[in-house]
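Reading through the structure tokens given below for one structure.
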Amino acid sequence: MAILQKSIMNAKRILRRSSLHAYHASEVPKGYFAVYVGESQKKRFTLPISFLNQPSFQGLLRKAEEEFGFNHPMGGLTLPCREDTFIDIISGLSLS
């Protein structure tokens, strides 16, 4: 239970930081990248580049490549998953 609570707190911290950094749609802070997640309406998240090395996030990248190729008209990477699934995945990732 404590591990789950820690993961949820970690996800909330990441998402809070994401919303603080996404004050302009075209601006992405150094060391971060933008992703769009959601089914019908896409929500923008700004994530640390360290997530690119995480195996679970790389799985999302493979799915994005299969579904969208390298054409992402939103201006950031579009990930083909529901927002709640995405939050579950990033809640288990470490920032290092």
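If you're wondering about the labels, chains in the structure tokens are A, B, ... by order shown, residues count from 1 in each chain, ligands from 1 in order shown.
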
So that I can see what lies close to A:Lys30, please list as an mmCIF file with all heavy atoms, in the first residue's frame the residues with an atom at most 10 Å from it, counting only C-alpha atoms and leaving out residues fewer than 3 positions away in the same chain.
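So the final result, stored in out.cif, reads:
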```
data_model
loop_
_atom_site.group_PDB
_atom_site.id
_atom_site.type_symbol
_atom_site.label_atom_id
_atom_site.label_comp_id
_atom_site.auth_asym_id
_atom_site.auth_seq_id
_atom_site.Cartn_x
_atom_site.Cartn_y
_atom_site.Cartn_z
ATOM 1 N N GLU A 27 6.307 26.145 -26.115
ATOM 2 C CA GLU A 27 7.508 26.147 -25.292
ATOM 3 C C GLU A 27 7.662 24.847 -24.524
ATOM 4 O O GLU A 27 6.738 24.393 -23.868
ATOM 5 C CB GLU A 27 7.466 27.313 -24.305
ATOM 6 C CG GLU A 27 7.555 28.660 -24.981
ATOM 7 C CD GLU A 27 7.662 29.798 -23.975
ATOM 8 O OE1 GLU A 27 8.034 29.550 -22.824
ATOM 9 O OE2 GLU A 27 7.362 30.918 -24.387
ATOM 10 N N PHE A 33 10.326 17.026 -22.963
ATOM 11 C CA PHE A 33 9.702 16.899 -24.271
ATOM 12 C C PHE A 33 8.196 16.826 -24.079
ATOM 13 O O PHE A 33 7.703 16.459 -23.018
ATOM 14 C CB PHE A 33 10.232 15.671 -25.040
ATOM 15 C CG PHE A 33 9.912 14.350 -24.394
ATOM 16 C CD1 PHE A 33 8.881 13.563 -24.878
ATOM 17 C CD2 PHE A 33 10.656 13.887 -23.316
ATOM 18 C CE1 PHE A 33 8.583 12.339 -24.294
ATOM 19 C CE2 PHE A 33 10.371 12.673 -22.731
ATOM 20 C CZ PHE A 33 9.326 11.896 -23.219
ATOM 21 N N PRO A 48 10.202 14.725 -18.461
ATOM 22 C CA PRO A 48 11.674 14.770 -18.498
ATOM 23 C C PRO A 48 12.213 13.779 -19.524
ATOM 24 O O PRO A 48 11.657 12.688 -19.695
ATOM 25 C CB PRO A 48 12.091 14.389 -17.077
ATOM 26 C CG PRO A 48 10.907 13.753 -16.457
ATOM 27 C CD PRO A 48 9.693 14.227 -17.187
ATOM 28 N N ILE A 49 13.290 14.139 -20.205
ATOM 29 C CA ILE A 49 13.843 13.265 -21.240
ATOM 30 C C ILE A 49 14.358 11.945 -20.666
ATOM 31 O O ILE A 49 14.502 10.980 -21.397
ATOM 32 C CB ILE A 49 14.927 13.960 -22.083
ATOM 33 C CG1 ILE A 49 16.085 14.430 -21.221
ATOM 34 C CG2 ILE A 49 14.350 15.090 -22.890
ATOM 35 C CD1 ILE A 49 17.279 14.934 -22.005
#
```

* Tell me, as a PyMOL selection string, which residues lie within 10 Å of stretch 61-64 of chain A, counting only C-alpha atoms; anything in the same chain fewer than 2 positions away does not count. => chain A and resi 52+55-59+66-72+77-81

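Between atom CA of A:Gly76 and atom CA of A:Arg44 the interatomic distance comes to 8.4 Å.
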
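Atom to atom, atom CA of A:Tyr32 and atom CA of A:Thr46 stand 6.2 Å apart.
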
* Structure fact -> Expressed in Å, the length from atom CA of A:Leu60 to atom CA of A:Ile89 is 9.3 Å
